Amino acid sequence: KIKGDDCPGTTSEQAGKSASCQGCPNQKLCASGATKAPDPAIAEIGAKLATVKHKILVLSGKGGVGKSTFSAHLAHALASDNTKEVALLDVDICGPSIPRIMGLEGEQVHQSGSGWSPVYVDDNLAVMSIGFLLSSPDDAVIWRGPKKNGIIKQFLRDVDWGELDYLIVDTPPGTSDEHLSIVQYLSSTHVDGAIIITTPQEVSLQDVRKEIRFCHKVKLPIIGVVENMSGFVCPKCKTTSQIFPPTSGGAEQMCADLNLPLLGKVPLDPRIAQSCDEGKSFLSEVPDSPAAKVYQNIVQSIQDYCSNSLTEEQSTTLKH
């Protein structure tokens with residue numbers, strides 16, 4: 001077994017004392033009891049985000065499957081309703097691609113009396129990313145865990161988000177520092193759930209199953225799964241080719257096995273990548289494309305889920 005797989009948890013009575021703690025660099029810190037005290041930032045973030053109706057995390061165990069592309073287009077789609085206030089938070093600290101995808105490269109964050117002001121794509125669509133804090137898009141962020149945690153805390157606590165209908169959080173691949181931080185810091189607020197992104201091949205699904213297990217372990221609800229790059233329709237002969245063959249049944253089989261909703265299968269379309277590079281919304285550039293139509297259905301499912309989630313939360317509050 002991997003060392004740390006049986007970690008008792010930093011707030012447990014056995015923290016720093018159990019056999020699995022041997023060799024862990026944080027053993028002394030945990031044993032001292034210092035980790036048992038709740039981080040005061042959790043309550044501060046809870047108060048700060050009390051005016052955010054829906055919080056959605058976009059996750060995947062695998063890199064390069066289209067999390068940022070999906071997060072950006074989900075934000076665009078939700079913000080296409082002018083009555084809704086939407087924000088997109090990029091917590092991919094080492095590979096922030098949201099500024100480019102949203103057409104905001106070169107923009108900077110400004111400080112005001114009420115905190116950092118996010119960068120606006122439209123009047124009702126705000127974005128925050130570490131990319132806005134770098135002097136060049138090519139700058140490397142070479143940080144260990146604690147520093148990553150610190151910037152994520154600042155993004156949640158110190159950004160002037162205002163009143164929002166939706167806060168979408170785009171995450172890096174994996175189940176590590178950034179994911180634990182975002183779940184911990186949002187623990188005093190209501191998170192609607194996570195959207196899991198995958199591609200059809202088993203190499204991707206293998207890592208995505210780990211992400212699903214992570215969600216179960218930290219009690220993060222899963223809204224559903226999106227399969228990106230799901231077949232390619234030739235624009236000339238209209239034949240569908242499986243560029244990434246679903247050798248083990250793809251996301252559809254995985255969702256059936258794990259009893260999860262499959263929100264949709266987005267086909268490969270070179271215009272999606274082109275729109276991202278140009279900082280434009282694919283949904284408004286090519287609204288009649290098969291991929292755009294799948295996106296619209298996925299977004300509708302997410303909106304329905306969030307509406308039901310809000311209704312359930314309100315009825316629970318009334319009961320208490």
# chains A, B, ... in the order shown; residues from 1 in each chain; ligands from 1
>>> residues_around(residues="region 52-63 of chain A", least_positions_apart="3", cutoff="7 Å", atoms="only C-alpha atoms", output="number ranges by chain")
A: 49, 67, 71, 163-171, 173-175, 191-198, 204, 207-208, 210-211, 306
>>> select_by_dssp(residues="region 114-295 of chain A", states="strand (DSSP E or B)", output="ChimeraX atom specification")
/A:115-117,119-122,125-129,159,164-170,193-198,222-227,232-233,240-241,262-265,268
>>> write_last_selection(atoms="C-alpha atoms", output="tab-separated table (two decimals), in the first residue's frame")
chain	number	residue	atom	x	y	z
A	115	GLY	CA	-10.93	43.14	-2.09
A	116	TRP	CA	-9.55	42.02	-5.45
A	117	SER	CA	-11.78	42.91	-8.37
A	119	VAL	CA	-11.82	40.61	-14.58
A	120	TYR	CA	-15.09	40.89	-16.52
A	121	VAL	CA	-15.79	39.32	-19.92
A	122	ASP	CA	-19.30	40.80	-19.90
A	125	LEU	CA	-19.50	37.23	-16.34
A	126	ALA	CA	-16.49	37.62	-14.00
A	127	VAL	CA	-13.23	35.66	-14.10
A	128	MET	CA	-10.37	35.18	-11.64
A	129	SER	CA	-7.13	33.31	-12.35
A	159	VAL	CA	-12.08	38.50	-4.28
A	164	LEU	CA	-23.75	35.49	-7.92
A	165	ASP	CA	-26.13	32.93	-9.34
A	166	TYR	CA	-23.28	30.59	-10.34
A	167	LEU	CA	-19.63	30.20	-9.30
A	168	ILE	CA	-17.82	27.67	-11.52
A	169	VAL	CA	-14.45	26.40	-10.26
A	170	ASP	CA	-12.05	25.02	-12.88
A	193	GLY	CA	-21.59	19.32	-6.74
A	194	ALA	CA	-18.91	18.33	-9.23
A	195	ILE	CA	-18.98	17.75	-12.96
A	196	ILE	CA	-16.52	15.03	-13.97
A	197	ILE	CA	-14.86	15.36	-17.39
A	198	THR	CA	-13.40	12.42	-19.30
A	222	ILE	CA	-21.45	14.40	-8.38
A	223	ILE	CA	-23.78	16.23	-10.77
A	224	GLY	CA	-22.76	13.99	-13.65
A	225	VAL	CA	-20.13	13.02	-16.19
A	226	VAL	CA	-19.32	14.67	-19.54
A	227	GLU	CA	-17.49	12.71	-22.23
A	232	PHE	CA	-15.38	12.91	-34.97
A	233	VAL	CA	-17.90	13.55	-37.75
A	240	THR	CA	-18.14	9.21	-37.68
A	241	SER	CA	-14.64	8.09	-36.63
A	262	LEU	CA	-23.99	10.78	-18.12
A	263	LEU	CA	-24.74	14.41	-18.95
A	264	GLY	CA	-23.65	14.18	-22.59
A	265	LYS	CA	-21.05	13.17	-25.15
A	268	LEU	CA	-14.59	16.39	-31.49
>>> residues_around(residues="region 105-109 of chain A", least_positions_apart="5", cutoff="6 Å", atoms="only C-alpha atoms", output="CSV table (one decimal) with all heavy atoms, in the first residue's frame")
chain,number,residue,atom,x,y,z
A,99,PRO,N,-7.5,32.5,-18.7
A,99,PRO,CA,-7.4,33.8,-19.3
A,99,PRO,C,-7.4,33.8,-20.9
A,99,PRO,O,-8.0,34.6,-21.5
A,99,PRO,CB,-6.1,34.4,-18.8
A,99,PRO,CG,-6.0,33.7,-17.4
A,99,PRO,CD,-6.5,32.3,-17.7
A,100,ARG,N,-6.6,32.8,-21.4
A,100,ARG,CA,-6.6,32.7,-22.9
A,100,ARG,C,-7.9,32.3,-23.5
A,100,ARG,O,-8.4,32.9,-24.5
A,100,ARG,CB,-5.5,31.7,-23.3
A,100,ARG,CG,-5.4,31.4,-24.8
A,100,ARG,CD,-4.6,32.4,-25.5
A,100,ARG,NE,-4.6,32.3,-26.9
A,100,ARG,CZ,-3.6,32.7,-27.7
A,100,ARG,NH1,-2.5,33.2,-27.1
A,100,ARG,NH2,-3.7,32.6,-29.0
A,132,PHE,N,-3.8,36.2,-14.2
A,132,PHE,CA,-3.8,37.7,-14.2
A,132,PHE,C,-2.8,38.3,-13.3
A,132,PHE,O,-2.5,39.5,-13.4
A,132,PHE,CB,-5.2,38.1,-13.7
A,132,PHE,CG,-6.4,37.7,-14.6
A,132,PHE,CD1,-7.5,37.2,-14.0
A,132,PHE,CD2,-6.3,37.7,-16.0
A,132,PHE,CE1,-8.6,36.8,-14.8
A,132,PHE,CE2,-7.4,37.2,-16.8
A,132,PHE,CZ,-8.5,36.8,-16.1
>>> closest_residue(among="A:Lys48, A:Lys153, A:Arg144, A:His73", to="Pro287 (chain A)", atoms="only C-alpha atoms")
A:His73
>>> closest_residue(among="A:Pro200, A:Lys219, A:Ser18, A:Ala41", to="Gln253 (chain A)", atoms="only C-alpha atoms")
A:Pro200
